[in-house]
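model-v9.cif follows; it contains mmCIF, C-alpha atoms.
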```cif
data_final
loop_
_atom_site.label_atom_id
_atom_site.label_comp_id
_atom_site.auth_asym_id
_atom_site.auth_seq_id
_atom_site.Cartn_x
_atom_site.Cartn_y
_atom_site.Cartn_z
CA MET K 1 39.57 76.09 89.69
CA LYS K 2 38.82 77.83 86.42
CA SER K 3 35.10 78.00 87.29
CA ALA K 4 35.89 79.52 90.72
CA HIS K 5 37.99 82.15 88.95
CA GLY K 6 35.13 82.83 86.50
CA LEU K 7 32.65 83.09 89.37
CA HIS K 8 34.85 85.68 91.12
CA PHE K 9 35.33 87.63 87.89
CA LYS K 10 31.64 87.92 86.98
CA THR K 11 30.73 88.70 90.62
CA TYR K 12 33.29 91.55 90.78
CA LEU K 13 32.21 92.82 87.36
CA LEU K 14 28.51 93.04 88.27
CA ILE K 15 29.21 94.58 91.71
CA PHE K 16 31.43 97.12 89.91
CA LEU K 17 28.47 97.98 87.62
CA MET K 18 26.23 98.36 90.69
CA VAL K 19 28.76 100.64 92.42
CA ILE K 20 29.03 102.85 89.30
CA PHE K 21 25.42 102.99 88.09
CA GLY K 22 23.58 103.16 91.46
CA PRO K 23 25.11 106.46 92.65
CA LEU K 24 25.24 107.82 89.07
CA GLY K 25 21.50 107.21 88.64
CA ASN K 26 20.68 108.95 91.93
CA VAL K 27 22.87 111.95 91.06
CA LEU K 28 21.35 112.28 87.56
CA LEU K 29 17.78 111.99 88.87
CA GLY K 30 18.50 114.59 91.57
CA LYS K 31 20.07 116.93 89.02
CA GLY K 32 17.19 116.45 86.56
CA MET K 33 14.51 117.09 89.19
CA LYS K 34 16.29 120.24 90.39
CA ARG K 35 16.38 121.56 86.84
CA ILE K 36 12.63 121.00 86.55
CA GLY K 37 12.07 123.12 89.65
CA THR K 38 9.05 123.28 91.93
CA VAL K 39 5.78 122.25 90.32
CA SER K 40 2.35 122.30 91.96
CA ILE K 41 0.77 118.84 91.72
CA GLY K 42 -2.48 119.82 93.42
CA THR K 43 -4.32 119.93 90.10
CA THR K 44 -4.56 117.60 87.08
CA ALA K 45 -2.91 120.27 84.93
CA GLY K 46 -0.02 120.46 87.45
CA VAL K 47 0.49 116.68 87.33
CA ILE K 48 0.42 116.68 83.50
CA ASP K 49 2.89 119.59 83.46
CA LEU K 50 5.22 117.74 85.83
CA LEU K 51 5.00 114.49 83.82
CA SER K 52 5.68 116.26 80.53
CA ARG K 53 8.74 118.01 82.01
CA VAL K 54 10.02 114.76 83.55
CA LEU K 55 9.50 112.74 80.35
CA THR K 56 11.27 115.30 78.16
CA SER K 57 14.33 115.62 80.41
CA GLY K 58 17.38 113.83 78.99
CA THR K 59 19.10 113.90 82.39
CA ILE K 60 16.17 112.11 84.03
CA TRP K 61 16.11 109.45 81.29
CA LEU K 62 19.86 108.90 81.77
CA GLY K 63 19.21 108.59 85.52
CA ILE K 64 16.41 106.08 84.96
CA GLY K 65 18.64 104.11 82.55
CA SER K 66 21.46 104.05 85.13
CA LEU K 67 19.13 102.84 87.88
CA ILE K 68 17.70 100.11 85.61
CA THR K 69 21.28 99.00 84.81
CA PHE K 70 21.99 98.96 88.56
CA PHE K 71 18.92 96.85 89.35
CA VAL K 72 19.49 94.38 86.50
CA ALA K 73 23.13 93.89 87.66
CA TYR K 74 21.83 93.43 91.22
CA MET K 75 19.27 90.81 90.13
CA LEU K 76 21.80 88.92 87.99
CA VAL K 77 24.54 88.77 90.63
CA LEU K 78 22.02 87.43 93.16
CA THR K 79 21.29 84.44 90.92
CA TRP K 80 24.58 82.91 92.14
CA ALA K 81 26.22 85.10 94.82
CA ASP K 82 25.31 85.28 98.52
CA TYR K 83 23.19 88.23 99.59
CA SER K 84 25.43 88.57 102.67
CA TYR K 85 28.34 89.02 100.22
CA VAL K 86 26.71 91.35 97.66
CA GLN K 87 25.06 93.73 100.14
CA PRO K 88 28.22 94.81 102.05
CA ALA K 89 30.39 94.68 98.89
CA SER K 90 28.08 97.11 97.12
CA ALA K 91 28.59 99.59 99.98
CA ALA K 92 31.73 100.58 98.03
CA ALA K 93 29.25 102.94 96.33
CA TYR K 94 29.65 105.28 99.34
CA GLY K 95 33.35 105.56 98.48
CA MET K 96 32.48 106.16 94.82
CA VAL K 97 30.10 109.00 95.77
CA ALA K 98 32.79 110.64 97.93
CA LEU K 99 35.41 110.33 95.15
CA LEU K 100 33.01 111.65 92.47
CA GLY K 101 32.00 114.52 94.74
CA HIS K 102 35.59 115.44 95.54
CA PHE K 103 37.21 115.12 92.12
CA MET K 104 34.35 115.86 89.68
CA LEU K 105 31.99 118.19 91.53
CA ARG K 106 34.72 119.76 93.73
CA GLU K 107 32.60 119.22 96.83
CA VAL K 108 34.11 119.47 100.29
CA VAL K 109 34.40 115.97 101.76
CA THR K 110 34.96 116.23 105.52
CA PRO K 111 37.77 114.22 107.21
CA THR K 112 35.07 112.30 109.15
CA ARG K 113 33.51 111.26 105.85
CA TRP K 114 36.88 110.13 104.44
CA ALA K 115 37.42 108.10 107.63
CA GLY K 116 34.04 106.41 107.07
CA VAL K 117 34.91 105.72 103.42
CA ILE K 118 38.20 104.08 104.48
CA LEU K 119 36.35 101.91 107.04
CA ILE K 120 33.85 100.85 104.34
CA CYS K 121 36.66 100.04 101.87
CA VAL K 122 38.47 97.90 104.47
CA GLY K 123 35.14 96.18 105.27
CA VAL K 124 34.48 95.54 101.56
CA LEU K 125 38.01 94.09 101.15
CA VAL K 126 37.45 91.78 104.13
CA VAL K 127 34.07 90.61 102.75
CA GLY K 128 35.64 90.31 99.26
CA HIS K 129 38.11 87.75 100.63
CA THR K 130 35.28 85.38 101.55
CA PRO K 131 33.77 83.01 98.93
CA PRO K 132 30.97 84.76 96.96
CA ARG K 133 28.80 81.63 97.05
CA THR K 134 28.36 79.39 100.10
CA THR K 135 25.11 77.67 99.09
CA GLU K 136 24.54 74.93 96.54
CA PRO K 137 23.49 76.23 93.08
CA ASN K 138 19.97 75.23 91.97
CA MET I 1 7.16 104.92 119.68
CA ARG I 2 5.83 105.79 116.21
CA GLN I 3 9.36 106.75 115.17
CA LEU I 4 10.72 103.42 116.44
CA ILE I 5 8.11 101.55 114.37
CA LEU I 6 9.18 103.54 111.29
CA TYR I 7 12.87 102.70 111.93
CA LEU I 8 11.97 99.02 112.29
CA LEU I 9 10.05 99.19 109.00
CA ILE I 10 12.92 100.95 107.21
CA VAL I 11 15.48 98.33 108.27
CA GLY I 12 13.19 95.28 108.56
CA ALA I 13 11.06 95.74 105.45
CA GLY I 14 13.99 97.09 103.40
CA THR I 15 16.31 94.20 104.22
CA GLY I 16 13.44 91.71 104.21
CA GLY I 17 12.51 92.88 100.71
CA GLU I 18 16.07 92.45 99.43
CA LEU I 19 16.25 88.99 101.02
CA CYS I 20 13.03 87.99 99.24
CA VAL I 21 14.41 89.29 95.91
CA SER I 22 17.58 87.30 96.58
CA ARG I 23 15.51 84.16 97.24
CA ALA I 24 13.59 84.71 94.00
CA MET I 25 16.81 85.10 92.01
CA LYS I 26 18.27 81.92 93.53
CA ALA I 27 15.07 80.11 92.45
CA VAL I 28 15.62 81.38 88.89
CA GLY I 29 19.09 79.79 88.81
CA GLU I 30 22.57 81.02 87.92
CA ALA I 31 22.75 83.43 84.98
CA LYS I 32 25.46 82.27 82.58
CA ASP I 33 24.50 84.08 79.39
CA PHE I 34 24.62 87.89 79.46
CA ARG I 35 23.23 88.69 76.01
CA PRO I 36 20.25 91.10 76.24
CA VAL I 37 17.68 88.44 75.24
CA ALA I 38 19.00 86.01 77.87
CA VAL I 39 19.01 88.75 80.55
CA ALA I 40 15.42 89.66 79.65
CA GLY I 41 14.54 85.96 80.01
CA VAL I 42 16.07 85.86 83.51
CA ILE I 43 14.04 88.94 84.52
CA ALA I 44 10.85 87.48 83.05
CA ARG I 45 11.39 84.22 84.97
CA ALA I 46 12.09 86.19 88.18
CA LEU I 47 8.78 88.07 87.80
CA ARG I 48 6.96 84.73 87.85
CA VAL I 49 8.38 83.88 91.31
CA SER I 50 6.13 85.03 94.18
CA TRP I 51 9.16 85.89 96.37
CA MET I 52 10.02 88.62 93.88
CA TRP I 53 6.63 90.33 94.34
CA ALA I 54 6.85 89.94 98.13
CA GLY I 55 10.30 91.53 97.96
CA LEU I 56 9.21 94.45 95.80
CA THR I 57 6.21 95.09 98.10
CA LEU I 58 8.42 95.11 101.21
CA MET I 59 10.93 97.42 99.52
CA GLY I 60 8.06 99.78 98.67
CA ILE I 61 6.90 99.76 102.32
CA ALA I 62 10.47 100.55 103.45
CA PHE I 63 10.73 103.40 100.94
CA PHE I 64 7.51 105.06 102.10
CA SER I 65 8.50 104.51 105.76
CA LEU I 66 11.77 106.32 105.02
CA LEU I 67 9.86 109.20 103.45
CA MET I 68 7.54 109.39 106.49
CA ALA I 69 10.49 109.28 108.92
CA LEU I 70 12.28 112.00 106.95
CA SER I 71 9.19 114.21 107.15
CA ARG I 72 9.33 114.02 110.97
CA GLU I 73 13.05 113.92 111.80
CA ASN I 74 16.34 115.29 110.45
CA VAL I 75 18.17 113.31 107.78
CA SER I 76 21.23 113.12 110.07
CA LEU I 77 19.15 111.21 112.62
CA VAL I 78 17.15 108.97 110.28
CA VAL I 79 19.66 107.90 107.66
CA PRO I 80 22.36 106.41 109.99
CA VAL I 81 19.66 103.92 111.02
CA THR I 82 19.91 102.46 107.49
CA ALA I 83 23.48 101.35 108.32
CA MET I 84 21.84 98.71 110.54
CA SER I 85 20.59 97.08 107.33
CA TYR I 86 24.04 95.56 106.80
CA ALA I 87 23.90 93.67 110.10
CA ALA I 88 20.27 92.70 109.44
CA GLY I 89 21.29 91.54 105.94
CA ALA I 90 24.01 89.24 107.27
CA LEU I 91 21.56 87.76 109.82
CA GLY I 92 18.92 87.30 107.10
CA GLY I 93 21.49 85.73 104.77
CA LYS I 94 22.38 83.21 107.47
CA PHE I 95 18.93 82.29 108.76
CA PHE I 96 16.59 82.99 105.80
CA LEU I 97 18.83 82.04 102.88
CA GLY I 98 21.03 79.46 104.62
CA GLU I 99 24.30 81.21 103.70
CA GLN I 100 27.48 80.57 105.65
CA VAL I 101 28.40 83.86 107.27
CA THR I 102 31.94 83.22 108.49
CA PRO I 103 33.55 85.28 111.31
CA ARG I 104 35.61 87.04 108.62
CA ARG I 105 32.46 88.07 106.73
CA TRP I 106 30.87 89.24 110.01
CA GLY I 107 34.01 91.34 110.63
CA GLY I 108 33.70 92.94 107.20
CA VAL I 109 29.98 93.60 107.67
CA LEU I 110 30.67 95.26 111.04
CA LEU I 111 33.32 97.54 109.47
CA VAL I 112 30.91 98.47 106.63
CA CYS I 113 28.15 99.16 109.18
CA ILE I 114 30.34 101.52 111.23
CA GLY I 115 31.78 103.09 108.07
CA VAL I 116 28.35 103.86 106.59
CA ALA I 117 27.21 105.46 109.88
CA VAL I 118 30.42 107.57 110.01
CA VAL I 119 30.03 108.66 106.34
CA ILE I 120 26.42 109.72 106.88
CA MET I 121 27.23 111.58 110.11
CA GLY I 122 30.22 113.30 108.49
CA ARG I 123 28.17 114.85 105.68
CA ARG I 124 28.36 118.36 107.07
#
```

Please express the file's structure as C-alpha cells.
Amino acid sequence: MKSAHGLHFKTYLLIFLMVIFGPLGNVLLGKGMKRIGTVSIGTTAGVIDLLSRVLTSGTIWLGIGSLITFFVAYMLVLTWADYSYVQPASAAAYGMVALLGHFMLREVVTPTRWAGVILICVGVLVVGHTPPRTTEPN
Amino acid sequence: MRQLILYLLIVGAGTGGELCVSRAMKAVGEAKDFRPVAVAGVIARALRVSWMWAGLTLMGIAFFSLLMALSRENVSLVVPVTAMSYAAGALGGKFFLGEQVTPRRWGGVLLVCIGVAVVIMGRR
C-alpha cells in the first residue's frame, strides 16, 4: 500500500515538473529569440553572429535549462509509469500556459480556449484516477 | 496528398518516437534514486538502448515534418492535427507497450484530445 502511495507521489511530482518546465522553456526560448531579432544566416559570418548572440543570451540558457529539466523528468517518469498515462496527464501544460498567459502576461484568453482548458483538466483528472503502471516492472 | 503524408508523419513519427523512448526507459528499469549522479546514470544507460535512438530519430522526423507543414498551411489548420497524437498514444501504449488502457483511461484521453483541439482553435 505504502509503495503504491509512493509510486503515485513520484509520478505526480515528475508530471508536475513537466507541466511547469515544458511551457516555461518554450516561452523563454521564444522570448530570447525575439530579443535577438532577425539575423541573416546565408553567410558564415551571419551564422557565427547568430550563435554568439544565442550563446550569450541568459534568457535562452534559462529556456534550454527548463527544457532539459522537462525532458529528464519525462525520461525518469517513463521508467515506471505507462506512456498512455503520462502523455494525456502532461496535457495539463495547456492549462498552465493559459493561466500563465492570463495572470502573468495579461493576455486575452478567449472563452473557447478556457472551455478547451476545462475539457483537458477533466480529461487529466479522469486519466489520473487510473493506475499509473499497468505493466510488470523490469 | 503531400499534406496528408506530412500530417501522418507529424502524428505517426511523433507518437512513434515517444513510444520508442518509453520502451527504452522501461528497459532501463524503474528510477528510485533521484540524486544528480544517479539520474545521470539512468540517462547514460538509456542512451545505450537502441530504442532510444530510434525514438529520437522519429521525433526529429516529426519535428521537421511539422516545420514543413507549417510552411505550407496556417497554424490553425496544422496544429489541431497534433491533438490526434493523444489517441495514437493510447493505441500505441496498448499494442506496442502492452499497457492496459481501461475504458476510463480511453474516456480521459478522448476528453484531452477534444480539449487540445478546442484550445488550439480558440487561440484567436

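Across K:Leu55, K:Leu24, K:Leu7, K:Leu17, the tightest approach to chain I is made by K:Leu7 when counting only C-alpha atoms.
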
List, as number ranges by chain, every residue that the PyMOL selection byres ((chain I and resi 106) around 12) selects in the file provided.
K: 84-85, 88, 123-124, 126-130; I: 86-91, 93-94, 100-105, 107-113

Quick one: contact table of chain K to chain I, 8 Å max, nearest atom pair and distance in Å to one decimal per residue, counting all atoms listed in the file, chain and number order, as a Markdown table?
```
| residue | atom | partner | partner_atom | distance |
| --- | --- | --- | --- | --- |
| K:Val72 | CA | I:Ile43 | CA | 8.0 |
| K:Met75 | CA | I:Met25 | CA | 6.5 |
| K:Leu76 | CA | I:Ala31 | CA | 6.3 |
| K:Val77 | CA | I:Ala31 | CA | 8.0 |
| K:Leu78 | CA | I:Ser22 | CA | 5.6 |
| K:Thr79 | CA | I:Met25 | CA | 4.7 |
| K:Trp80 | CA | I:Glu30 | CA | 5.0 |
| K:Asp82 | CA | I:Glu99 | CA | 6.7 |
| K:Tyr83 | CA | I:Gly93 | CA | 6.0 |
| K:Ser84 | CA | I:Ala90 | CA | 4.9 |
| K:Tyr85 | CA | I:Arg105 | CA | 7.8 |
| K:Gln87 | CA | I:Tyr86 | CA | 7.0 |
| K:Pro88 | CA | I:Val109 | CA | 6.0 |
| K:Ala91 | CA | I:Val112 | CA | 7.1 |
| K:Tyr94 | CA | I:Val116 | CA | 7.5 |
| K:Val109 | CA | I:Arg123 | CA | 7.4 |
| K:Thr110 | CA | I:Gly122 | CA | 6.3 |
| K:Pro111 | CA | I:Gly122 | CA | 7.7 |
| K:Thr112 | CA | I:Gly122 | CA | 5.0 |
| K:Arg113 | CA | I:Val119 | CA | 4.4 |
| K:Trp114 | CA | I:Val119 | CA | 7.3 |
| K:Ala115 | CA | I:Val118 | CA | 7.4 |
| K:Gly116 | CA | I:Gly115 | CA | 4.1 |
| K:Val117 | CA | I:Gly115 | CA | 6.2 |
| K:Ile118 | CA | I:Gly115 | CA | 7.4 |
| K:Leu119 | CA | I:Gly115 | CA | 4.8 |
| K:Ile120 | CA | I:Val112 | CA | 4.4 |
| K:Cys121 | CA | I:Val112 | CA | 7.6 |
| K:Val122 | CA | I:Leu111 | CA | 7.2 |
| K:Gly123 | CA | I:Gly108 | CA | 4.0 |
| K:Val124 | CA | I:Gly108 | CA | 6.3 |
| K:Leu125 | CA | I:Gly108 | CA | 7.5 |
| K:Val126 | CA | I:Gly108 | CA | 5.0 |
| K:Val127 | CA | I:Arg105 | CA | 5.0 |
| K:Thr130 | CA | I:Arg105 | CA | 6.5 |
| K:Thr134 | CA | I:Glu99 | CA | 5.7 |
| K:Thr135 | CA | I:Glu99 | CA | 5.9 |
| K:Pro137 | CA | I:Gly29 | CA | 7.1 |
| K:Asn138 | CA | I:Gly29 | CA | 5.6 |
```

For atom CA of I:Gly12 and atom CA of I:Thr57, the interatomic separation in Å (one decimal)
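Interatomic distance, atom CA of I:Gly12 to atom CA of I:Thr57: 12.6 Å.
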
Leaving out K:Phe21 and any residue of its chain fewer than 4 positions from it, which residues lie within 9 Å of it when counting only C-alpha atoms, given as an MDAnalysis selection string?
chainID K and resid 16:17 25:26 63 65:70

Suppose you want the space between atom CA of K:Val19 and atom CA of K:His102; what is it in Å?
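Going from atom CA of K:Val19 over to atom CA of K:His102 covers 16.6 Å.
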
Can you tell me, as a ChimeraX atom specification, what residues are no more than 7 Å from K:Arg53 when counting only C-alpha atoms, ignoring any on the same chain fewer than 4 positions away?
/K:36,49,57

Since the input has fewer atoms than a full residue there, write stretch 27-63 of chain K out with N, CA and C atoms, as a PDB file, in the frame of the given file.
```pdb
ATOM      1  N   VAL K  27      22.377 110.597  91.313  1.00  0.00           N
ATOM      2  CA  VAL K  27      22.870 111.950  91.060  1.00  0.00           C
ATOM      3  C   VAL K  27      22.142 112.558  89.854  1.00  0.00           C
ATOM      4  N   LEU K  28      22.004 111.772  88.770  1.00  0.00           N
ATOM      5  CA  LEU K  28      21.350 112.280  87.560  1.00  0.00           C
ATOM      6  C   LEU K  28      19.874 112.603  87.810  1.00  0.00           C
ATOM      7  N   LEU K  29      19.195 111.719  88.559  1.00  0.00           N
ATOM      8  CA  LEU K  29      17.780 111.990  88.870  1.00  0.00           C
ATOM      9  C   LEU K  29      17.644 113.258  89.698  1.00  0.00           C
ATOM     10  N   GLY K  30      18.523 113.399  90.707  1.00  0.00           N
ATOM     11  CA  GLY K  30      18.500 114.590  91.570  1.00  0.00           C
ATOM     12  C   GLY K  30      18.727 115.851  90.754  1.00  0.00           C
ATOM     13  N   LYS K  31      19.726 115.777  89.849  1.00  0.00           N
ATOM     14  CA  LYS K  31      20.070 116.930  89.020  1.00  0.00           C
ATOM     15  C   LYS K  31      18.889 117.290  88.097  1.00  0.00           C
ATOM     16  N   GLY K  32      18.312 116.249  87.485  1.00  0.00           N
ATOM     17  CA  GLY K  32      17.190 116.450  86.560  1.00  0.00           C
ATOM     18  C   GLY K  32      15.991 117.068  87.267  1.00  0.00           C
ATOM     19  N   MET K  33      15.673 116.579  88.452  1.00  0.00           N
ATOM     20  CA  MET K  33      14.510 117.090  89.190  1.00  0.00           C
ATOM     21  C   MET K  33      14.736 118.531  89.635  1.00  0.00           C
ATOM     22  N   LYS K  34      15.998 118.856  89.989  1.00  0.00           N
ATOM     23  CA  LYS K  34      16.290 120.240  90.390  1.00  0.00           C
ATOM     24  C   LYS K  34      16.124 121.187  89.220  1.00  0.00           C
ATOM     25  N   ARG K  35      16.519 120.723  88.038  1.00  0.00           N
ATOM     26  CA  ARG K  35      16.380 121.560  86.840  1.00  0.00           C
ATOM     27  C   ARG K  35      14.910 121.836  86.540  1.00  0.00           C
ATOM     28  N   ILE K  36      14.060 120.844  86.813  1.00  0.00           N
ATOM     29  CA  ILE K  36      12.630 121.000  86.550  1.00  0.00           C
ATOM     30  C   ILE K  36      12.032 122.069  87.472  1.00  0.00           C
ATOM     31  N   GLY K  37      12.546 122.098  88.707  1.00  0.00           N
ATOM     32  CA  GLY K  37      12.070 123.120  89.650  1.00  0.00           C
ATOM     33  C   GLY K  37      10.790 122.700  90.349  1.00  0.00           C
ATOM     34  N   THR K  38      10.255 123.589  91.161  1.00  0.00           N
ATOM     35  CA  THR K  38       9.050 123.280  91.930  1.00  0.00           C
ATOM     36  C   THR K  38       7.819 123.347  91.030  1.00  0.00           C
ATOM     37  N   VAL K  39       7.015 122.297  91.114  1.00  0.00           N
ATOM     38  CA  VAL K  39       5.780 122.250  90.320  1.00  0.00           C
ATOM     39  C   VAL K  39       4.631 121.913  91.259  1.00  0.00           C
ATOM     40  N   SER K  40       3.518 122.609  91.135  1.00  0.00           N
ATOM     41  CA  SER K  40       2.350 122.300  91.960  1.00  0.00           C
ATOM     42  C   SER K  40       1.652 121.078  91.383  1.00  0.00           C
ATOM     43  N   ILE K  41       1.440 120.047  92.234  1.00  0.00           N
ATOM     44  CA  ILE K  41       0.770 118.840  91.720  1.00  0.00           C
ATOM     45  C   ILE K  41      -0.628 118.698  92.346  1.00  0.00           C
ATOM     46  N   GLY K  42      -1.149 119.830  92.804  1.00  0.00           N
ATOM     47  CA  GLY K  42      -2.480 119.820  93.420  1.00  0.00           C
ATOM     48  C   GLY K  42      -3.598 119.697  92.394  1.00  0.00           C
ATOM     49  N   THR K  43      -3.292 119.994  91.141  1.00  0.00           N
ATOM     50  CA  THR K  43      -4.320 119.930  90.100  1.00  0.00           C
ATOM     51  C   THR K  43      -3.895 118.960  89.005  1.00  0.00           C
ATOM     52  N   THR K  44      -4.869 118.524  88.196  1.00  0.00           N
ATOM     53  CA  THR K  44      -4.560 117.600  87.080  1.00  0.00           C
ATOM     54  C   THR K  44      -3.581 118.261  86.114  1.00  0.00           C
ATOM     55  N   ALA K  45      -3.793 119.551  85.863  1.00  0.00           N
ATOM     56  CA  ALA K  45      -2.910 120.270  84.930  1.00  0.00           C
ATOM     57  C   ALA K  45      -1.483 120.289  85.481  1.00  0.00           C
ATOM     58  N   GLY K  46      -1.340 120.452  86.805  1.00  0.00           N
ATOM     59  CA  GLY K  46      -0.020 120.460  87.450  1.00  0.00           C
ATOM     60  C   GLY K  46       0.684 119.123  87.279  1.00  0.00           C
ATOM     61  N   VAL K  47      -0.079 118.027  87.461  1.00  0.00           N
ATOM     62  CA  VAL K  47       0.490 116.680  87.330  1.00  0.00           C
ATOM     63  C   VAL K  47       0.933 116.440  85.883  1.00  0.00           C
ATOM     64  N   ILE K  48       0.085 116.855  84.921  1.00  0.00           N
ATOM     65  CA  ILE K  48       0.420 116.680  83.500  1.00  0.00           C
ATOM     66  C   ILE K  48       1.663 117.500  83.148  1.00  0.00           C
ATOM     67  N   ASP K  49       1.729 118.717  83.698  1.00  0.00           N
ATOM     68  CA  ASP K  49       2.890 119.590  83.460  1.00  0.00           C
ATOM     69  C   ASP K  49       4.161 118.930  83.992  1.00  0.00           C
ATOM     70  N   LEU K  50       4.062 118.392  85.220  1.00  0.00           N
ATOM     71  CA  LEU K  50       5.220 117.740  85.830  1.00  0.00           C
ATOM     72  C   LEU K  50       5.663 116.532  84.992  1.00  0.00           C
ATOM     73  N   LEU K  51       4.678 115.688  84.608  1.00  0.00           N
ATOM     74  CA  LEU K  51       5.000 114.490  83.820  1.00  0.00           C
ATOM     75  C   LEU K  51       5.654 114.857  82.497  1.00  0.00           C
ATOM     76  N   SER K  52       5.117 115.892  81.840  1.00  0.00           N
ATOM     77  CA  SER K  52       5.680 116.260  80.530  1.00  0.00           C
ATOM     78  C   SER K  52       7.107 116.786  80.693  1.00  0.00           C
ATOM     79  N   ARG K  53       7.366 117.525  81.797  1.00  0.00           N
ATOM     80  CA  ARG K  53       8.740 118.010  82.010  1.00  0.00           C
ATOM     81  C   ARG K  53       9.684 116.871  82.341  1.00  0.00           C
ATOM     82  N   VAL K  54       9.189 115.908  83.160  1.00  0.00           N
ATOM     83  CA  VAL K  54      10.020 114.760  83.550  1.00  0.00           C
ATOM     84  C   VAL K  54      10.352 113.918  82.310  1.00  0.00           C
ATOM     85  N   LEU K  55       9.315 113.647  81.488  1.00  0.00           N
ATOM     86  CA  LEU K  55       9.500 112.740  80.350  1.00  0.00           C
ATOM     87  C   LEU K  55      10.300 113.358  79.209  1.00  0.00           C
ATOM     88  N   THR K  56      10.470 114.668  79.229  1.00  0.00           N
ATOM     89  CA  THR K  56      11.270 115.300  78.160  1.00  0.00           C
ATOM     90  C   THR K  56      12.662 115.691  78.649  1.00  0.00           C
ATOM     91  N   SER K  57      13.008 115.296  79.879  1.00  0.00           N
ATOM     92  CA  SER K  57      14.330 115.620  80.410  1.00  0.00           C
ATOM     93  C   SER K  57      15.320 114.492  80.109  1.00  0.00           C
ATOM     94  N   GLY K  58      16.356 114.822  79.325  1.00  0.00           N
ATOM     95  CA  GLY K  58      17.380 113.830  78.990  1.00  0.00           C
ATOM     96  C   GLY K  58      18.117 113.349  80.228  1.00  0.00           C
ATOM     97  N   THR K  59      18.362 114.265  81.173  1.00  0.00           N
ATOM     98  CA  THR K  59      19.100 113.900  82.390  1.00  0.00           C
ATOM     99  C   THR K  59      18.319 112.853  83.184  1.00  0.00           C
ATOM    100  N   ILE K  60      16.991 113.063  83.273  1.00  0.00           N
ATOM    101  CA  ILE K  60      16.170 112.110  84.030  1.00  0.00           C
ATOM    102  C   ILE K  60      16.156 110.745  83.341  1.00  0.00           C
ATOM    103  N   TRP K  61      16.081 110.734  82.006  1.00  0.00           N
ATOM    104  CA  TRP K  61      16.110 109.450  81.290  1.00  0.00           C
ATOM    105  C   TRP K  61      17.441 108.734  81.497  1.00  0.00           C
ATOM    106  N   LEU K  62      18.543 109.518  81.506  1.00  0.00           N
ATOM    107  CA  LEU K  62      19.860 108.900  81.770  1.00  0.00           C
ATOM    108  C   LEU K  62      19.886 108.318  83.188  1.00  0.00           C
ATOM    109  N   GLY K  63      19.280 109.061  84.133  1.00  0.00           N
ATOM    110  CA  GLY K  63      19.210 108.590  85.520  1.00  0.00           C
ATOM    111  C   GLY K  63      18.402 107.303  85.619  1.00  0.00           C
TER     112      GLY K  63
END
```
